[in-house]
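> Next up is a structure, given as structure tokens.
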Amino acid sequence: MTIEPQHPSEGSKRYRPSVAVARAARALADAGVEAARAEAEQLAAYVLAVPRGRLALADGFDPDQLAALDALVGRRVAREPLQHLTGSAAFRHLELAVGPGVFVPRPETELLAGWGIEWARRAAPPGPLVVDLCSGSGAIALAVAQELPAARVVAVERSPEALDWLRRNAADRVAAGDRPVEVVEADVTAPDLLADLVGQVDVLLCNPPYVPADTVVPPEVAGHDPAEAVFGGVDGLTVIRPVIARAAALLRPGGALGIEHDDTHGADVPALLVADGRFTDVVDHPDLTGRARFATASRRSDGRRPDSGRAWQTGSS
Ligand SMILES: C[S@@+](CC[C@H](N)C(=O)[O-])C[C@H]1O[C@@H](n2cnc3c(N)ncnc32)[C@H](O)[C@@H]1O
């Protein structure tokens, strides 16, 4: 894409942000990028190194900056994720470093993290033990650590590339003053996962790979999110099944589990939780678009099998 320098600010070689943004937005919209205007503004703000809200007040683009915006828009038109272009993803109150090799955290997962944070906030002193399985960039774990300073947080991830991003983000948060998150390199489907924490975890959160294998995903996902972060086997439940079983072992009686799932699994995941027999209060929650998105449950304290009849409910987030 080329941005013609038709509207330089009076008497200079600078180009008005409004003009550059409008042209970038048109190129993105023509390429089918949904939030074209918002993304054009974010790219323009990134190039000018100003907050997006201050774009209109910025001096404007010099020719090098215009060329830089041009190049970024070209990459976005080729469906590189916006967050890879800027190197950062917003998640609740965090800015996380992301790029090739790690899953870009999604807004819908903020709801799961928020649910877990509110639940963990009620824990008695000295503070909750929170586990984040399939941690990726560390989004959930680091949000918990930031928002609940008394929490001990353990983040588990298997991919070496994702672990590099997770450790980098964790170090950044320690530098910002947060309590360190404990990073564990492990397969969350291992039957002996976190053996030293059995029966002690207050809240266990997990955003696993859950997309059924034959699903066609958007080009940003297919080309840039690691496949092992996205696809959860033929039915999408390959990681979820063992995670539920291990969560039941790791949680203390009364502890809470929150697990994100595919929007086609709004009945399947609650059914798996009920069928396990060690959970109660099974609820499925919608995301902001109304799609079934995550299931929650409490670890039974009495080991009873679930009651027959209506065994789980749909909640609101
Ligand atoms: C959907 S991403 C979620 C990342 C992060 N929690 C988030 O919400 O942005 C799933 C993550 O699980 C990791 N993963 C997949 N299978 C795993 C396994 N068996 N054990 C540990 N991590 C796994 C992937 O590498 C990926 O980082």
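A note on labels: chains of the structure tokens are A, B, ... as shown, every chain counts residues from 1, and ligands are counted from 1 in their shown order.
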Can you pull out every residue with an atom within 7 Å of ligand 1? Use only C-alpha atoms and all ligand atoms and format it as number ranges by chain.
A: 102-106, 109, 133-140, 156-159, 162, 186-189, 206-209, 228-230, 239
> Would you kindly return, as JSON, numbers by chain, each protein, DNA or RNA residue with an atom no farther than 7 Å from any atom of Val211 (chain A), considering only C-alpha atoms and excluding same-chain residues fewer than 4 positions away?
{"A": [215, 230, 231, 232, 236, 262]}
> Could those selected residues go to a file with C-alpha atoms, as a short mmCIF file (atom, residue, chain, number, x, y, z; two decimals), in the first residue's frame?

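Result file follows (selection-v3.cif):
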```cif
data_model
loop_
_atom_site.label_atom_id
_atom_site.label_comp_id
_atom_site.auth_asym_id
_atom_site.auth_seq_id
_atom_site.Cartn_x
_atom_site.Cartn_y
_atom_site.Cartn_z
CA THR A 215 -12.27 -26.18 12.16
CA VAL A 230 -5.28 -23.54 19.25
CA PHE A 231 -6.32 -27.09 18.34
CA GLY A 232 -7.49 -29.52 21.00
CA GLY A 236 -11.41 -30.14 20.84
CA ASP A 262 -14.96 -23.67 22.35
#
```
> I need the helix (DSSP H, G or I) residues of region 44-292 of chain A per DSSP on the backbone, written as a PyMOL selection string.
chain A and resi 44-48+52-57+63-77+82-86+107-121+139-147+160-175+195-197+219-224+227-230+240-250+268-276
> I'd like the contact shell of region 80-90 of chain A - 12 Å cut-off, only C-alpha atoms, skipping same-chain residues fewer than 4 positions apart - returned as an mmCIF file with C-alpha atoms, in the first residue's frame.

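Just written: part_24.cif:
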```cif
data_model
loop_
_atom_site.group_PDB
_atom_site.id
_atom_site.type_symbol
_atom_site.label_atom_id
_atom_site.label_comp_id
_atom_site.auth_asym_id
_atom_site.auth_seq_id
_atom_site.Cartn_x
_atom_site.Cartn_y
_atom_site.Cartn_z
ATOM 1 C CA LEU A 28 -7.360 -2.380 5.966
ATOM 2 C CA VAL A 33 -9.958 -6.327 8.410
ATOM 3 C CA GLU A 34 -13.013 -5.940 10.661
ATOM 4 C CA ALA A 35 -11.992 -3.131 13.017
ATOM 5 C CA ALA A 36 -10.132 -1.256 10.286
ATOM 6 C CA ALA A 38 -9.443 1.227 15.253
ATOM 7 C CA GLU A 39 -6.492 -0.812 13.996
ATOM 8 C CA ALA A 40 -5.322 2.024 11.723
ATOM 9 C CA GLU A 41 -5.339 4.331 14.735
ATOM 10 C CA GLN A 42 -3.408 1.833 16.820
ATOM 11 C CA LEU A 43 -0.763 1.396 14.132
ATOM 12 C CA ALA A 44 -0.479 5.144 13.611
ATOM 13 C CA ALA A 45 -0.153 5.711 17.362
ATOM 14 C CA TYR A 46 2.487 2.978 17.538
ATOM 15 C CA VAL A 47 4.546 4.581 14.751
ATOM 16 C CA LEU A 48 4.317 8.018 16.349
ATOM 17 C CA ALA A 49 4.911 6.548 19.831
ATOM 18 C CA ALA A 68 6.898 2.795 8.499
ATOM 19 C CA LEU A 69 3.098 3.019 8.744
ATOM 20 C CA ALA A 71 4.936 -1.136 5.797
ATOM 21 C CA LEU A 72 2.899 -2.087 8.876
ATOM 22 C CA VAL A 73 -0.390 -1.666 7.046
ATOM 23 C CA GLY A 74 0.974 -3.912 4.284
ATOM 24 C CA ARG A 75 1.792 -6.607 6.821
ATOM 25 C CA ARG A 76 -1.635 -6.299 8.443
ATOM 26 C CA LEU A 94 -1.476 -5.443 31.557
ATOM 27 C CA GLU A 95 0.492 -4.898 28.361
ATOM 28 C CA LEU A 96 2.118 -8.220 27.486
ATOM 29 C CA ALA A 97 4.967 -8.808 25.062
ATOM 30 C CA VAL A 98 3.876 -11.178 22.284
ATOM 31 C CA GLY A 99 5.161 -12.328 18.924
ATOM 32 C CA PRO A 100 5.919 -15.463 16.912
ATOM 33 C CA GLY A 101 5.702 -18.642 18.988
ATOM 34 C CA VAL A 102 3.101 -17.529 21.507
ATOM 35 C CA PHE A 103 -0.696 -17.308 21.497
ATOM 36 C CA VAL A 104 -2.030 -13.755 21.454
ATOM 37 C CA PRO A 105 -4.288 -13.344 24.523
ATOM 38 C CA ARG A 106 -7.928 -12.641 23.640
ATOM 39 C CA PRO A 107 -10.416 -10.262 25.270
ATOM 40 C CA GLU A 108 -12.832 -13.115 26.051
ATOM 41 C CA THR A 109 -10.223 -14.695 28.329
ATOM 42 C CA GLU A 110 -10.288 -11.533 30.445
ATOM 43 C CA SER A 137 2.248 -15.402 27.408
ATOM 44 C CA GLY A 138 1.269 -15.549 31.090
ATOM 45 C CA ALA A 139 -1.851 -13.443 30.602
ATOM 46 C CA ILE A 140 -4.028 -15.059 33.272
ATOM 47 C CA ALA A 143 -3.206 -10.601 35.781
ATOM 48 C CA TRP A 165 7.589 -15.041 26.240
ATOM 49 C CA ASN A 169 6.572 -11.023 30.711
ATOM 50 C CA PRO A 218 -9.084 -17.005 10.452
ATOM 51 C CA PRO A 219 -5.771 -16.407 8.635
ATOM 52 C CA GLU A 220 -4.308 -14.556 11.630
ATOM 53 C CA VAL A 221 -4.824 -17.681 13.727
ATOM 54 C CA ALA A 222 -3.847 -20.230 11.080
ATOM 55 C CA GLY A 223 -0.684 -18.386 10.125
ATOM 56 C CA HIS A 224 0.501 -16.936 13.424
ATOM 57 C CA ASP A 225 -0.919 -18.591 16.554
#
```
> Would you please work out which residue, of A:Val216, A:Leu251, A:Val77, A:Ala151, is nearest to Pro128 (chain A) when using only C-alpha atoms?
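Looking at the shortest contact to Pro128 (chain A), the residue is A:Ala151.
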> Just how far from CA of Arg299 (chain A) is CA of Leu112 (chain A), in Å to one decimal?
17.3 Å
> Pick out the residues sitting within 7 Å of Ala141 (chain A), and hand them over as an mmCIF file with N, CA and C atoms, in the first residue's frame; count only C-alpha atoms, and ignore anything fewer than 4 positions along from it in its own chain.

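File part.cif, as written:
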```cif
data_model
loop_
_atom_site.group_PDB
_atom_site.id
_atom_site.type_symbol
_atom_site.label_atom_id
_atom_site.label_comp_id
_atom_site.auth_asym_id
_atom_site.auth_seq_id
_atom_site.Cartn_x
_atom_site.Cartn_y
_atom_site.Cartn_z
ATOM 1 N N ASP A 132 -2.423 -21.426 36.961
ATOM 2 C CA ASP A 132 -2.840 -21.135 35.578
ATOM 3 C C ASP A 132 -2.215 -22.206 34.686
ATOM 4 N N SER A 135 -0.370 -21.604 30.169
ATOM 5 C CA SER A 135 -0.236 -20.179 30.496
ATOM 6 C C SER A 135 0.137 -19.290 29.323
ATOM 7 N N ALA A 145 -1.529 -12.077 39.531
ATOM 8 C CA ALA A 145 -0.442 -11.567 40.381
ATOM 9 C C ALA A 145 -0.523 -10.053 40.527
ATOM 10 N N VAL A 153 1.102 -17.504 42.795
ATOM 11 C CA VAL A 153 0.601 -17.874 41.464
ATOM 12 C C VAL A 153 1.608 -18.799 40.780
ATOM 13 N N ALA A 155 2.311 -20.782 37.140
ATOM 14 C CA ALA A 155 1.941 -20.801 35.719
ATOM 15 C C ALA A 155 2.612 -21.994 35.047
#
```
> Please return, as JSON, numbers by chain, all residues of region 165-240 of chain A that DSSP assigns to strand (DSSP E) on the basis of the backbone.
{"A": [182, 183, 184, 185, 201, 202, 203, 204, 205, 206]}
> For the selection you just gave me, I'd like the residues written to a file as a short mmCIF file (atom, residue, chain, number, x, y, z; two decimals), in the first residue's frame, keeping N, CA and C atoms.

```
data_model
loop_
_atom_site.label_atom_id
_atom_site.label_comp_id
_atom_site.auth_asym_id
_atom_site.auth_seq_id
_atom_site.Cartn_x
_atom_site.Cartn_y
_atom_site.Cartn_z
N GLU A 182 5.47 -18.19 39.72
CA GLU A 182 6.32 -19.38 39.58
C GLU A 182 6.02 -20.04 38.25
N VAL A 183 7.02 -20.10 37.37
CA VAL A 183 6.83 -20.68 36.04
C VAL A 183 7.29 -22.13 36.06
N VAL A 184 6.41 -23.04 35.64
CA VAL A 184 6.72 -24.46 35.61
C VAL A 184 6.61 -24.96 34.18
N GLU A 185 7.68 -25.59 33.69
CA GLU A 185 7.65 -26.18 32.34
C GLU A 185 7.13 -27.61 32.49
N VAL A 201 -4.77 -26.23 46.10
CA VAL A 201 -5.00 -25.08 45.21
C VAL A 201 -6.37 -24.46 45.47
N ASP A 202 -6.39 -23.15 45.62
CA ASP A 202 -7.67 -22.45 45.85
C ASP A 202 -8.43 -22.22 44.55
N VAL A 203 -7.70 -21.79 43.52
CA VAL A 203 -8.35 -21.50 42.23
C VAL A 203 -7.45 -22.04 41.12
N LEU A 204 -8.03 -22.82 40.22
CA LEU A 204 -7.29 -23.32 39.07
C LEU A 204 -7.97 -22.81 37.80
N LEU A 205 -7.22 -22.09 36.99
CA LEU A 205 -7.74 -21.50 35.76
C LEU A 205 -7.01 -22.09 34.57
N CYS A 206 -7.71 -22.26 33.47
CA CYS A 206 -7.07 -22.86 32.30
C CYS A 206 -7.75 -22.39 31.02
#
```
> Determine, counting only C-alpha atoms, which protein, DNA and RNA residues have an atom within 8 Å of an atom of Pro270 (chain A); residues of the same chain fewer than 3 positions away are not included. Present the result as a count of residues only.
10
> With only C-alpha atoms as the atoms that count, which of A:Gly199, A:Gly116, A:Pro286, A:Pro160 lies nearest to Gly258 (chain A)?
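Looking at the shortest contact to Gly258 (chain A), the residue is A:Gly116.
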> With only C-alpha atoms as the basis for distance, which of A:Asp263, A:Asp172, A:Asp70, A:Asp178 is at the shortest distance from Val21 (chain A)?
A:Asp70
> As an exercise, work out the distance from CA of Leu237 (chain A) to CA of Arg168 (chain A) in Å and give it to one decimal place.
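Between CA of Leu237 (chain A) and CA of Arg168 (chain A) the gap works out to 29.5 Å.
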> Distance CA of Leu148 (chain A)-CA of Ala124 (chain A), one decimal place?
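Computing it gives 12.5 Å between the two atoms.
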